[in-house]
file protein.txt (compact mmCIF, C-alpha atoms)
# COMPACT_ATOMS: atom_id res chain seq x y z
CA MET A 101 0.00 0.00 0.00
CA LYS A 102 2.76 2.42 0.88
CA LYS A 103 4.50 1.96 -2.49
CA ILE A 104 1.32 2.82 -4.43
CA LYS A 105 0.77 5.97 -2.38
CA LEU A 106 4.33 7.10 -3.08
CA LYS A 107 3.83 6.71 -6.84
CA GLN A 108 0.62 8.74 -6.80
CA PHE A 109 2.18 11.46 -4.67
CA PHE A 110 5.16 11.64 -7.02
CA PHE A 111 2.82 11.91 -10.02
CA ILE A 112 0.92 14.84 -8.50
CA PHE A 113 4.21 16.51 -7.55
CA VAL A 114 5.48 16.24 -11.11
CA MET A 115 2.20 17.55 -12.55
CA LEU A 116 2.55 20.66 -10.37
CA PHE A 117 5.62 21.51 -12.46
CA THR A 118 3.33 22.25 -15.37
CA LEU A 119 2.31 25.41 -13.50
CA ALA A 120 5.91 26.61 -13.15
CA PRO A 121 5.97 28.89 -16.23
CA VAL A 122 3.16 30.99 -14.72
CA THR A 123 5.65 32.56 -12.35
CA VAL A 124 7.71 33.86 -15.26
CA SER A 125 5.58 36.81 -16.34
CA ALA A 126 2.10 37.86 -17.35
CA ARG A 127 2.59 38.88 -20.95
CA GLN A 128 5.68 38.29 -23.05
CA ASN A 129 5.74 38.21 -26.79
CA ILE A 130 6.98 34.78 -27.78
CA ASP A 131 8.65 35.04 -31.16
CA VAL A 132 8.19 31.48 -32.44
CA GLY A 133 9.74 32.24 -35.80
CA ASN A 134 12.89 33.46 -34.10
CA ILE A 135 13.11 30.37 -31.86
CA LEU A 136 12.68 28.06 -34.86
CA TRP A 137 15.18 29.81 -37.13
CA GLY A 138 17.64 30.28 -34.27
CA HIS A 139 17.83 26.54 -33.75
CA ILE A 140 17.95 25.58 -37.40
CA LYS A 141 20.18 28.28 -38.87
CA ASP A 142 23.92 28.57 -38.57
CA SER A 143 25.56 31.21 -36.37
CA TYR A 144 29.00 32.35 -35.23
CA ASP A 145 28.36 31.67 -31.53
CA TRP A 146 26.55 28.94 -29.67
CA HIS A 147 23.78 30.07 -27.31
CA ILE A 148 23.49 27.36 -24.70
CA THR A 149 21.14 28.74 -22.12
CA LYS A 150 20.34 31.71 -19.93
CA ILE A 151 21.18 31.49 -16.21
CA GLY A 152 19.15 34.24 -14.56
CA LYS A 153 19.82 37.29 -16.68
CA THR A 154 23.20 36.36 -18.15
CA PRO A 155 23.22 34.25 -21.29
CA VAL A 156 25.71 31.41 -21.52
CA ILE A 157 27.29 31.63 -24.94
CA ILE A 158 30.28 29.86 -26.42
CA HIS A 159 32.02 32.26 -28.80
CA LEU A 160 33.35 30.26 -31.72
CA PRO A 161 36.47 31.23 -33.67
CA VAL A 162 36.14 33.28 -36.83
CA ILE A 163 38.61 32.56 -39.64
CA VAL A 164 38.31 34.95 -42.60
CA LYS A 165 40.48 36.07 -45.48
CA SER A 166 39.38 39.62 -46.16
CA SER A 167 41.00 42.27 -48.32
CA THR A 168 43.50 42.89 -45.51
CA GLY A 169 44.70 39.29 -45.25
CA TRP A 170 43.95 36.32 -43.00
CA HIS A 171 42.35 37.02 -39.61
CA VAL A 172 41.62 34.54 -36.82
CA PHE A 173 39.76 35.83 -33.78
CA SER A 174 36.92 34.99 -31.43
CA SER A 175 33.41 36.01 -32.43
CA SER A 176 33.07 37.80 -29.09
CA ARG A 177 34.90 40.74 -30.74
CA PHE A 178 31.76 41.48 -32.72
CA SER A 179 29.73 43.92 -30.63
CA GLU A 180 26.36 42.82 -29.32
CA VAL A 181 25.01 46.33 -29.97
CA LYS A 182 23.80 46.81 -33.54
CA ASN A 183 24.74 49.98 -35.41
CA THR A 184 22.37 52.09 -37.48
CA ASN A 185 22.08 49.57 -40.35
CA GLY A 186 21.24 46.74 -37.96
CA ASN A 187 24.70 45.21 -38.49
CA ARG A 188 27.06 44.18 -35.69
CA PRO A 189 30.45 45.84 -36.23
CA GLY A 190 33.68 44.06 -35.43
CA PRO A 191 37.47 44.24 -35.91
CA TYR A 192 39.37 44.78 -39.19
CA GLY A 193 36.41 46.54 -40.78
CA LEU A 194 34.27 43.41 -40.78
CA TYR A 195 30.67 43.27 -39.61
CA ILE A 196 27.91 40.69 -39.26
CA LYS A 197 24.87 41.58 -41.31
CA SER A 198 21.51 41.75 -39.57
CA ALA A 199 19.25 38.73 -39.68
CA ASP A 200 16.56 40.62 -41.65
CA ALA A 201 18.85 41.67 -44.49
CA LYS A 202 17.86 40.82 -48.05
CA SER A 203 21.13 39.21 -49.05
CA HIS A 204 23.55 37.20 -46.85
CA PRO A 205 21.64 37.64 -43.57
CA GLY A 206 23.72 36.83 -40.51
CA LYS A 207 27.00 36.49 -42.42
CA ILE A 208 30.29 38.36 -42.06
CA MET A 209 30.66 41.07 -44.70
CA GLU A 210 33.18 43.77 -45.48
CA MET A 211 32.92 47.20 -47.12
CA VAL A 212 35.46 47.41 -49.96
CA ASN A 213 35.40 50.60 -52.06
CA GLY A 214 31.76 51.19 -51.16
CA ASN A 215 30.65 47.68 -52.22
CA GLU A 216 29.62 45.02 -49.79
CA VAL A 217 31.86 42.04 -50.31
CA ARG A 218 31.76 38.65 -48.64
CA PRO A 219 35.30 37.63 -47.58
CA LEU A 220 36.53 34.03 -47.80
CA ASP A 221 34.95 32.66 -44.66
CA ILE A 222 36.08 29.32 -43.22
CA SER A 223 35.08 30.01 -39.62
CA ILE A 224 34.24 27.28 -37.15
CA THR A 225 30.52 28.06 -36.93
CA LYS A 226 27.90 26.19 -34.94
CA THR A 227 27.15 23.73 -37.74
CA VAL A 228 30.86 22.98 -38.17
CA CYS A 229 31.12 22.32 -34.42
CA VAL A 230 28.17 19.94 -34.59
CA LEU A 231 29.85 18.24 -37.55
CA PHE A 232 33.01 17.67 -35.51
CA ILE A 233 31.00 16.36 -32.55
CA ASP A 234 29.02 13.99 -34.78
CA ALA A 235 32.16 12.73 -36.50
CA ILE A 236 33.93 12.01 -33.20
CA LEU A 237 30.81 10.30 -31.82
CA LEU A 238 30.48 8.21 -34.97
CA LEU A 239 34.12 7.11 -34.84
CA ILE A 240 33.70 6.10 -31.19
CA CYS A 241 30.43 4.24 -31.86
CA VAL A 242 31.86 2.25 -34.77
CA LEU A 243 35.57 1.76 -34.03
CA VAL A 244 35.25 0.71 -30.39
CA PRO A 245 32.91 -2.23 -31.16
CA ALA A 246 35.17 -3.07 -34.10
CA ARG A 247 38.04 -3.74 -31.67
CA TRP A 248 36.10 -6.80 -30.51
CA CYS A 249 36.91 -8.40 -33.85
CA ARG A 250 40.63 -7.97 -33.25
CA HIS A 251 40.60 -9.94 -30.00
CA HIS A 252 38.17 -12.73 -30.95
CA LYS A 253 38.09 -15.45 -33.57
CA TRP A 254 35.29 -15.54 -36.09
CA ASP A 255 33.57 -18.55 -34.56
CA ASP A 256 33.46 -17.25 -30.98
CA SER A 257 30.02 -16.64 -29.49
CA ALA A 258 28.40 -13.35 -30.39
CA PRO A 259 29.27 -10.20 -28.40
CA LYS A 260 26.84 -8.71 -25.91
CA GLY A 261 25.81 -5.20 -24.93
CA PHE A 262 26.58 -2.14 -27.05
CA THR A 263 29.16 -4.07 -29.09
CA GLY A 264 26.54 -6.68 -29.95
CA LEU A 265 24.04 -3.98 -30.89
CA MET A 266 26.48 -2.26 -33.26
CA HIS A 267 27.56 -5.56 -34.81
CA MET A 268 23.91 -6.48 -35.44
CA PHE A 269 23.12 -3.06 -36.86
CA ILE A 270 26.14 -2.89 -39.15
CA MET A 271 25.69 -6.42 -40.47
CA SER A 272 21.97 -5.88 -41.09
CA ILE A 273 22.73 -2.81 -43.22
CA TYR A 274 25.60 -4.55 -45.00
CA HIS A 275 23.51 -7.59 -45.90
CA ASP A 276 20.16 -5.98 -46.63
CA VAL A 277 21.31 -2.87 -48.44
CA VAL A 278 24.84 -3.27 -49.81
CA LYS A 279 25.14 -6.96 -50.60
CA SER A 280 21.59 -7.39 -51.85
CA THR A 281 21.90 -4.69 -54.53
CA MET A 282 25.51 -5.12 -55.64
CA THR A 283 27.73 -7.95 -56.72
CA ASP A 284 30.28 -9.17 -54.20
CA ARG A 285 33.21 -7.47 -55.90
CA GLU A 286 31.43 -4.10 -56.04
CA ALA A 287 30.32 -4.50 -52.42
CA VAL A 288 33.96 -4.73 -51.35
CA VAL A 289 34.93 -1.57 -53.24
CA TYR A 290 31.90 0.67 -52.59
CA GLY A 291 30.74 -0.83 -49.28
CA PRO A 292 32.85 1.61 -47.19
CA TRP A 293 31.27 4.70 -48.76
CA LEU A 294 27.74 3.32 -48.44
CA MET A 295 28.15 2.24 -44.84
CA THR A 296 29.73 5.57 -43.90
CA CYS A 297 26.86 7.33 -45.65
CA PHE A 298 24.24 5.42 -43.70
CA PHE A 299 25.76 5.74 -40.24
CA PHE A 300 26.78 9.34 -40.64
CA ILE A 301 23.33 10.39 -41.87
CA PHE A 302 21.59 8.35 -39.18
CA LEU A 303 23.70 9.78 -36.37
CA ALA A 304 23.48 13.35 -37.68
CA ASN A 305 19.70 13.06 -38.03
CA LEU A 306 19.36 11.73 -34.49
CA MET A 307 21.58 14.42 -32.99
CA GLY A 308 19.51 17.08 -34.69
CA VAL A 309 16.13 15.78 -33.60
CA VAL A 310 16.74 14.49 -30.06
CA PRO A 311 17.88 17.42 -27.87
CA PHE A 312 21.05 16.05 -26.27
CA PRO A 313 22.17 18.87 -23.94
CA PRO A 314 25.82 19.48 -24.80
CA GLY A 315 26.29 18.53 -28.42
CA GLY A 316 22.99 18.33 -30.25
CA GLY A 317 22.45 20.51 -33.26
CA ASN A 318 21.10 20.71 -36.77
CA LEU A 319 23.44 19.20 -39.37
CA THR A 320 21.53 17.32 -42.06
CA GLY A 321 18.90 20.05 -42.10
CA ASN A 322 21.56 22.23 -43.69
CA ILE A 323 21.52 21.94 -47.46
CA THR A 324 25.29 22.26 -47.83
CA CYS A 325 25.79 19.05 -45.83
CA THR A 326 23.34 17.05 -47.93
CA PHE A 327 24.75 18.72 -51.06
CA PHE A 328 28.16 17.27 -50.25
CA LEU A 329 26.72 13.79 -49.71
CA GLY A 330 24.80 13.98 -53.01
CA ILE A 331 27.81 15.30 -54.92
CA THR A 332 30.04 12.50 -53.62
CA THR A 333 27.54 9.86 -54.74
CA PHE A 334 27.32 11.65 -58.10
CA ILE A 335 31.11 11.68 -58.50
CA ILE A 336 31.51 8.03 -57.46
CA THR A 337 28.73 6.89 -59.80
CA ASN A 338 29.92 8.76 -62.86
CA VAL A 339 33.69 8.62 -62.51
CA THR A 340 33.72 4.85 -61.95
CA GLY A 341 30.98 4.15 -64.47
CA SER A 342 31.72 1.47 -67.02
CA LYS A 343 31.91 2.07 -70.78
CA GLU A 344 28.53 0.39 -71.25
CA TYR A 345 27.02 2.91 -68.83
CA TRP A 346 28.25 5.92 -70.77
CA LYS A 347 27.29 4.26 -74.03
CA SER A 348 23.76 3.71 -72.77
CA ILE A 349 23.51 7.43 -72.00
CA PHE A 350 24.80 8.87 -75.24
CA TRP A 351 23.63 6.16 -77.61
CA PRO A 352 20.84 4.24 -75.83
CA LYS A 353 19.17 1.17 -77.30
CA VAL A 354 16.12 3.05 -78.58
CA PRO A 355 14.70 3.57 -82.09
CA LEU A 356 16.93 5.72 -84.32
CA TRP A 357 14.56 8.64 -84.65
CA LEU A 358 14.82 9.32 -80.90
CA LYS A 359 18.55 9.88 -81.00
CA CYS A 360 19.81 10.80 -84.46
CA PRO A 361 18.74 14.20 -85.87
CA VAL A 362 17.58 15.63 -82.55
CA PRO A 363 19.19 13.79 -79.57
CA LEU A 364 16.06 13.52 -77.42
CA MET A 365 16.93 10.43 -75.40
CA PRO A 366 20.58 11.36 -74.76
CA PHE A 367 19.44 14.73 -73.48
CA ILE A 368 16.89 13.13 -71.16
CA GLU A 369 19.48 10.64 -69.93
CA LEU A 370 22.00 13.41 -69.24
CA PHE A 371 19.37 15.34 -67.34
CA SER A 372 18.52 12.27 -65.28
CA ILE A 373 22.19 11.85 -64.25
CA ILE A 374 21.90 15.20 -62.50
CA THR A 375 18.41 14.91 -61.07
CA LYS A 376 18.99 11.59 -59.33
CA PRO A 377 21.58 12.87 -56.80
CA LEU A 378 19.67 16.16 -56.62
CA ALA A 379 16.55 14.29 -55.51
CA LEU A 380 18.61 12.37 -52.94
CA MET A 381 19.93 15.62 -51.52
CA ILE A 382 16.62 17.46 -51.38
CA ARG A 383 14.73 14.49 -49.95
CA LEU A 384 17.08 14.23 -46.97
CA PHE A 385 17.29 17.99 -46.43
CA ALA A 386 13.55 18.61 -46.57
CA ASN A 387 12.67 15.66 -44.34
CA MET A 388 15.10 16.79 -41.68
CA LEU A 389 14.18 20.48 -41.88
CA ALA A 390 10.47 19.71 -41.59
CA GLY A 391 11.12 17.32 -38.71
CA HIS A 392 13.12 19.83 -36.72
CA ALA A 393 10.54 22.55 -37.34
CA ILE A 394 7.72 20.29 -36.14
CA ALA A 395 9.57 19.18 -33.01
CA LEU A 396 10.42 22.77 -32.09
CA SER A 397 6.92 24.07 -32.86
CA PHE A 398 5.24 21.62 -30.53
CA ALA A 399 7.56 22.66 -27.73
CA ALA A 400 7.05 26.36 -28.50
CA MET A 401 3.26 25.91 -28.40
CA ILE A 402 3.46 25.51 -24.63
CA PHE A 403 5.19 28.85 -24.24
CA ILE A 404 2.73 30.60 -26.53
CA MET A 405 -0.26 29.34 -24.58
CA PHE A 406 1.25 30.43 -21.28
CA ASN A 407 1.34 33.99 -22.56
CA ILE A 408 -1.89 34.07 -24.50
CA SER A 409 -3.81 36.68 -22.48
CA GLU A 410 -3.43 39.51 -19.95
CA ASN A 411 -5.13 37.59 -17.17
CA ALA A 412 -2.76 35.35 -15.19
CA VAL A 413 -5.43 32.78 -14.32
CA VAL A 414 -6.49 32.30 -17.94
CA ASP A 415 -2.81 32.00 -18.79
CA ALA A 416 -2.30 29.25 -16.24
CA ALA A 417 -5.39 27.32 -17.35
CA ALA A 418 -4.62 27.57 -21.05
CA GLY A 419 -0.96 26.80 -20.47
CA THR A 420 -1.57 23.75 -18.30
CA GLY A 421 -4.15 22.31 -20.65
CA MET A 422 -1.95 22.93 -23.64
CA THR A 423 1.06 21.40 -21.89
CA VAL A 424 -0.70 18.06 -21.58
CA VAL A 425 -1.79 18.11 -25.23
CA SER A 426 1.55 19.38 -26.45
CA ILE A 427 3.56 16.78 -24.56
CA ALA A 428 1.37 13.98 -25.86
CA MET A 429 1.69 15.28 -29.43
CA SER A 430 5.42 15.90 -28.96
CA ILE A 431 6.07 12.33 -27.83
CA PHE A 432 4.16 11.00 -30.81
CA MET A 433 5.93 13.34 -33.25
CA MET A 434 9.38 12.63 -31.78
CA LEU A 435 8.87 8.87 -32.11
CA LEU A 436 7.78 9.41 -35.70
CA GLU A 437 10.82 11.63 -36.25
CA ILE A 438 13.20 8.94 -35.01
CA LEU A 439 11.58 6.50 -37.45
CA VAL A 440 11.96 9.09 -40.23
CA CYS A 441 15.66 9.55 -39.34
CA TYR A 442 16.27 5.84 -39.83
CA ILE A 443 14.16 5.60 -42.99
CA GLN A 444 15.80 8.61 -44.65
CA ALA A 445 19.30 7.28 -43.97
CA LEU A 446 18.20 3.88 -45.32
CA VAL A 447 16.63 5.35 -48.48
CA PHE A 448 19.71 7.51 -49.18
CA THR A 449 22.03 4.53 -48.84
CA MET A 450 19.81 2.17 -50.81
CA LEU A 451 19.41 4.58 -53.72
CA SER A 452 23.15 5.32 -53.77
CA ALA A 453 23.82 1.57 -53.89
CA VAL A 454 21.36 1.14 -56.76
CA PHE A 455 22.88 4.05 -58.74
CA ILE A 456 26.42 2.75 -58.29
CA HIS A 457 25.36 -0.77 -59.27
CA LEU A 458 23.54 0.49 -62.37
CA ALA A 459 26.68 2.32 -63.48
CA HIS A 460 28.62 -0.95 -63.50
CA GLU A 461 26.31 -3.00 -65.71
CA LYS A 462 28.21 -5.44 -67.80
CA SER A 463 26.88 -6.00 -71.29
CA GLU A 464 25.06 -9.28 -71.85
CA PRO A 465 26.99 -11.93 -73.71
CA LYS A 466 25.93 -12.11 -77.34
CA ALA A 467 23.52 -14.96 -78.05
CA GLU A 468 25.03 -17.50 -80.40
CA THR A 469 23.01 -18.88 -83.23
CA VAL A 470 23.26 -22.63 -83.54
CA LYS A 471 23.51 -23.92 -87.05
CA ALA A 472 20.97 -26.65 -87.55
CA MET B 156 -6.95 44.54 -60.00
CA LEU B 157 -3.80 44.13 -62.11
CA SER B 158 -1.68 45.79 -59.44
CA LEU B 159 -2.85 43.05 -57.07
CA LEU B 160 -0.88 40.59 -59.17
CA LEU B 161 2.36 42.41 -58.41
CA ALA B 162 1.98 42.24 -54.66
CA ALA B 163 4.57 40.09 -52.89
CA GLU B 164 1.86 38.64 -50.70
CA VAL B 165 0.34 36.96 -53.74
CA ALA B 166 3.54 34.89 -53.89
CA LYS B 167 2.90 33.73 -50.33
CA CYS B 168 -0.69 32.85 -51.21
CA GLY B 169 0.50 30.90 -54.23
CA ALA B 170 3.13 29.12 -52.14
CA ALA B 171 0.56 28.04 -49.57
CA ILE B 172 -1.81 26.75 -52.25
CA GLY B 173 1.07 24.93 -53.95
CA ALA B 174 2.10 23.26 -50.71
CA GLY B 175 -1.48 22.12 -50.15
CA LEU B 176 -1.68 20.62 -53.65
CA ALA B 177 1.62 18.81 -53.09
CA VAL B 178 0.24 17.28 -49.91
CA ILE B 179 -2.83 16.04 -51.81
CA GLY B 180 -0.55 14.25 -54.26
CA ALA B 181 1.58 12.72 -51.51
CA GLY B 182 -1.49 11.63 -49.54
CA ILE B 183 -3.08 9.87 -52.50
CA GLY B 184 0.20 8.23 -53.50
CA ILE B 185 1.17 6.92 -50.08
CA GLY B 186 -2.43 5.87 -49.39
CA ARG B 187 -2.44 3.73 -52.53
CA ILE B 188 0.94 2.21 -51.63
CA GLY B 189 -0.30 1.36 -48.14
CA GLY B 190 -3.56 -0.08 -49.40
CA GLN B 191 -1.94 -2.36 -51.94
CA ALA B 192 0.66 -3.43 -49.39
CA MET B 193 -2.21 -4.38 -47.05
CA ASP B 194 -3.81 -6.45 -49.83
CA ALA B 195 -0.55 -8.23 -50.51
CA MET B 196 0.10 -8.91 -46.84
CA ALA B 197 -3.40 -10.34 -46.44
CA ARG B 198 -2.86 -12.67 -49.39
CA GLN B 199 0.55 -13.90 -48.18
CA PRO B 200 1.03 -13.35 -44.43
CA GLU B 201 4.39 -15.15 -44.47
CA GLU B 202 5.93 -12.47 -46.75
CA GLN B 203 4.92 -9.69 -44.37
CA PRO B 204 8.42 -8.40 -43.36
CA LYS B 205 9.59 -8.10 -46.97
CA LEU B 206 6.38 -6.37 -48.01
CA LEU B 207 6.61 -4.01 -45.06
CA SER B 208 10.13 -2.83 -45.90
CA SER B 209 9.28 -2.44 -49.60
CA MET B 210 6.25 -0.37 -48.64
CA ILE B 211 8.32 1.90 -46.40
CA ILE B 212 10.90 2.47 -49.14
CA ALA B 213 8.29 3.25 -51.79
CA ALA B 214 6.54 5.63 -49.39
CA ALA B 215 9.82 7.42 -48.67
CA LEU B 216 10.44 7.91 -52.39
CA VAL B 217 6.97 9.37 -52.99
CA GLU B 218 7.38 11.59 -49.96
CA GLY B 219 10.69 12.81 -51.39
CA VAL B 220 8.89 14.18 -54.43
CA ALA B 221 6.31 15.91 -52.24
CA PHE B 222 9.10 17.47 -50.20
CA PHE B 223 10.59 18.86 -53.38
CA ALA B 224 7.36 20.81 -53.88
CA ILE B 225 7.48 21.97 -50.26
CA ILE B 226 10.96 23.37 -50.79
CA ILE B 227 9.84 25.28 -53.88
CA ALA B 228 6.92 26.69 -51.89
CA LEU B 229 9.28 27.77 -49.08
CA LEU B 230 11.52 29.46 -51.63
CA ALA B 231 8.52 31.30 -53.05
CA ILE B 232 7.69 32.63 -49.59
CA VAL B 233 11.20 33.59 -48.61
CA MET B 234 12.40 35.04 -51.92
call {"tool": "encode", "arguments": {"input": "protein.txt", "output": "structure tokens"}}
result
Amino acid sequence: MKKIKLKQFFFIFVMLFTLAPVTVSARQNIDVGNILWGHIKDSYDWHITKIGKTPVIIHLPVIVKSSTGWHVFSSSRFSEVKNTNGNRPGPYGLYIKSADAKSHPGKIMEMVNGNEVRPLDISITKTVCVLFIDAILLLICVLVPARWCRHHKWDDSAPKGFTGLMHMFIMSIYHDVVKSTMTDREAVVYGPWLMTCFFFIFLANLMGVVPFPPGGGNLTGNITCTFFLGITTFIITNVTGSKEYWKSIFWPKVPLWLKCPVPLMPFIELFSIITKPLALMIRLFANMLAGHAIALSFAAMIFIMFNISENAVVDAAAGTGMTVVSIAMSIFMMLLEILVCYIQALVFTMLSAVFIHLAHEKSEPKAETVKA
Amino acid sequence: MLSLLLAAEVAKCGAAIGAGLAVIGAGIGIGRIGGQAMDAMARQPEEQPKLLSSMIIAAALVEGVAFFAIIIALLAIVM
């Protein structure tokens, strides 16, 4: 009896926390758009949280090559106070453009001879930091279980724990995606790229959707990241394509009138070489961007409802009711998002495997006529 | 009336309508995939895992096309 009472008491105690935001203030304008874009977009410093009144920010290094040469400095040297144009001035004549600017919002610019010029900018921004964190995490998650193979023979009993999980996961992807679509020889050559693709995309998706406190951040929701993955698949497919592959693009096995005076089919085939990786890239980017936006919106809904009216009691009632609904919807959407993370990584890898396999088609052996 | 066509807000209206049309297409497509996968799974319950994974992959591909339309709509709003 005592144990049941403790559980119920604990439940009521936790539910009282839903009233906590009431103590914050009566009416604050919650800028949902700002919250959303702030999490998804790149920036030169990393806002972690706000303790009391002081924000906790990590100022990331800025590395630019402007008209006055290479400069490496911390982004804290850009002033927090905006000047008359809405830009944040900084050292060496550089400034960060305001977030509402028409072109290059939020980027470092420089005034050269009266024109606004964007210097060569290879700073360590927030997305680059998240990339480093994801890469280190991926190396740890894959290489540490791989050490098991060094110390055991192939017919030992299967490993347990995290090592067993990673072995199962990696082998399931290798067998179901790589080996089932490619011949054994191709699987040995292109398997590394495809496996890296899958695990990197899966881990980056997860880190962007699930809010891990220190290192989570948006990586695959940034189109430059998915652009690089698509371009690499494009380069691997076309540079290592066999002669039959290129022949089937420029002189496909179609009736002559489709290719001779006006090269209709070759043009369509050339176009399709480009659109296939482009579709890969946009599919991943859009899925992840939409997922992050949905996850953040459901959380922001709570804060909106707690500030919906002037009356504090109506605020509390609306906020508490909405919290229950929002948390239920958030749990559902987050579970769906985790499924989408896995599916998008799987689809990217599977389609890359199919494209690479199609580019290595060997021509069929010529049928021999048998003389009667 | 003609000056209404030049307003930037008309672009936002068009983007919203375009996104809605894209969702119609995706809904019909994925609904058909799911329905036919259900039929197949009912006919051959022992093939259910293979059918399930094929269904998920086909749905992801159709959704990819719908997301392409969403991106164009977002570009129409932002630019």
call {"tool": "closest_atom_pairs", "arguments": {"input": "protein.txt", "of": "chain B", "to": "chain A", "cutoff": "8 Å", "atoms": "all atoms listed in the file", "output": "Markdown table"}}
result
| residue | atom | partner | partner_atom | distance |
| --- | --- | --- | --- | --- |
| B:Ile211 | CA | A:Ile443 | CA | 7.7 |
| B:Ile212 | CA | A:Val447 | CA | 6.4 |
| B:Ala215 | CA | A:Val447 | CA | 7.1 |
| B:Leu216 | CA | A:Val447 | CA | 7.8 |
| B:Glu218 | CA | A:Arg383 | CA | 7.9 |
| B:Gly219 | CA | A:Arg383 | CA | 4.6 |
| B:Val220 | CA | A:Arg383 | CA | 7.4 |
| B:Phe222 | CA | A:Ala386 | CA | 5.9 |
| B:Phe223 | CA | A:Ile382 | CA | 6.5 |
| B:Ile225 | CA | A:Ala386 | CA | 7.9 |
| B:Ile226 | CA | A:Ala386 | CA | 6.9 |
call {"tool": "write_last_selection", "arguments": {"input": "protein.txt", "atoms": "C-alpha atoms", "output": "mmCIF file, keeping the file's coordinate frame"}}
result
data_model
loop_
_atom_site.group_PDB
_atom_site.id
_atom_site.type_symbol
_atom_site.label_atom_id
_atom_site.label_comp_id
_atom_site.auth_asym_id
_atom_site.auth_seq_id
_atom_site.Cartn_x
_atom_site.Cartn_y
_atom_site.Cartn_z
ATOM 1 C CA ILE B 211 8.320 1.900 -46.400
ATOM 2 C CA ILE B 212 10.900 2.470 -49.140
ATOM 3 C CA ALA B 215 9.820 7.420 -48.670
ATOM 4 C CA LEU B 216 10.440 7.910 -52.390
ATOM 5 C CA GLU B 218 7.380 11.590 -49.960
ATOM 6 C CA GLY B 219 10.690 12.810 -51.390
ATOM 7 C CA VAL B 220 8.890 14.180 -54.430
ATOM 8 C CA PHE B 222 9.100 17.470 -50.200
ATOM 9 C CA PHE B 223 10.590 18.860 -53.380
ATOM 10 C CA ILE B 225 7.480 21.970 -50.260
ATOM 11 C CA ILE B 226 10.960 23.370 -50.790
#
call {"tool": "closest_residue", "arguments": {"input": "protein.txt", "among": "A:Met115, A:Leu106, A:Ala246, A:Ala199", "to": "A:Gly138", "atoms": "all atoms listed in the file"}}
result
A:Ala199
call {"tool": "residues_around", "arguments": {"input": "protein.txt", "residues": "B:Ala163", "least_positions_apart": "4", "cutoff": "10 Å", "atoms": "all atoms listed in the file", "output": "list of chain:residue names"}}
result
B:Leu159, B:Lys167, B:Cys168, B:Ala231, B:Ile232, B:Met234
call {"tool": "residues_near_point", "arguments": {"input": "protein.txt", "point": "(4.6, 12.8, -52.9)", "cutoff": "7 Å", "atoms": "all atoms listed in the file", "output": "PyMOL selection string"}}
result
chain B and resi 177-178+180-181+184+217-221
call {"tool": "residues_near_point", "arguments": {"input": "protein.txt", "point": "(30.7, 18.3, -31.5)", "cutoff": "12 Å", "atoms": "all atoms listed in the file", "output": "number ranges by chain"}}
result
A: 146, 224-238, 304, 307-308, 312-319
call {"tool": "decode", "arguments": {"input": "protein.txt", "residues": "stretch 222-232 of chain B", "atoms": "N, CA and C atoms", "output": "PDB file, in the first residue's frame"}}
result
ATOM      1  N   PHE B 222       8.261  16.507 -50.889  1.00  0.00           N
ATOM      2  CA  PHE B 222       9.096  17.473 -50.197  1.00  0.00           C
ATOM      3  C   PHE B 222       9.768  18.424 -51.161  1.00  0.00           C
ATOM      4  N   PHE B 223      10.035  17.966 -52.384  1.00  0.00           N
ATOM      5  CA  PHE B 223      10.592  18.863 -53.384  1.00  0.00           C
ATOM      6  C   PHE B 223       9.639  20.040 -53.606  1.00  0.00           C
ATOM      7  N   ALA B 224       8.332  19.736 -53.695  1.00  0.00           N
ATOM      8  CA  ALA B 224       7.355  20.806 -53.881  1.00  0.00           C
ATOM      9  C   ALA B 224       7.302  21.731 -52.676  1.00  0.00           C
ATOM     10  N   ILE B 225       7.490  21.151 -51.469  1.00  0.00           N
ATOM     11  CA  ILE B 225       7.476  21.974 -50.256  1.00  0.00           C
ATOM     12  C   ILE B 225       8.636  22.962 -50.283  1.00  0.00           C
ATOM     13  N   ILE B 226       9.800  22.488 -50.747  1.00  0.00           N
ATOM     14  CA  ILE B 226      10.963  23.374 -50.787  1.00  0.00           C
ATOM     15  C   ILE B 226      10.732  24.522 -51.751  1.00  0.00           C
ATOM     16  N   ILE B 227      10.124  24.212 -52.919  1.00  0.00           N
ATOM     17  CA  ILE B 227       9.843  25.285 -53.877  1.00  0.00           C
ATOM     18  C   ILE B 227       8.884  26.288 -53.258  1.00  0.00           C
ATOM     19  N   ALA B 228       7.881  25.776 -52.532  1.00  0.00           N
ATOM     20  CA  ALA B 228       6.925  26.693 -51.892  1.00  0.00           C
ATOM     21  C   ALA B 228       7.625  27.572 -50.870  1.00  0.00           C
ATOM     22  N   LEU B 229       8.537  26.976 -50.063  1.00  0.00           N
ATOM     23  CA  LEU B 229       9.279  27.772 -49.078  1.00  0.00           C
ATOM     24  C   LEU B 229      10.110  28.847 -49.767  1.00  0.00           C
ATOM     25  N   LEU B 230      10.720  28.470 -50.897  1.00  0.00           N
ATOM     26  CA  LEU B 230      11.521  29.459 -51.631  1.00  0.00           C
ATOM     27  C   LEU B 230      10.642  30.591 -52.131  1.00  0.00           C
ATOM     28  N   ALA B 231       9.404  30.251 -52.551  1.00  0.00           N
ATOM     29  CA  ALA B 231       8.517  31.304 -53.054  1.00  0.00           C
ATOM     30  C   ALA B 231       8.129  32.259 -51.935  1.00  0.00           C
ATOM     31  N   ILE B 232       8.037  31.746 -50.705  1.00  0.00           N
ATOM     32  CA  ILE B 232       7.688  32.633 -49.593  1.00  0.00           C
ATOM     33  C   ILE B 232       8.868  33.505 -49.225  1.00  0.00           C
TER      34      ILE B 232
END
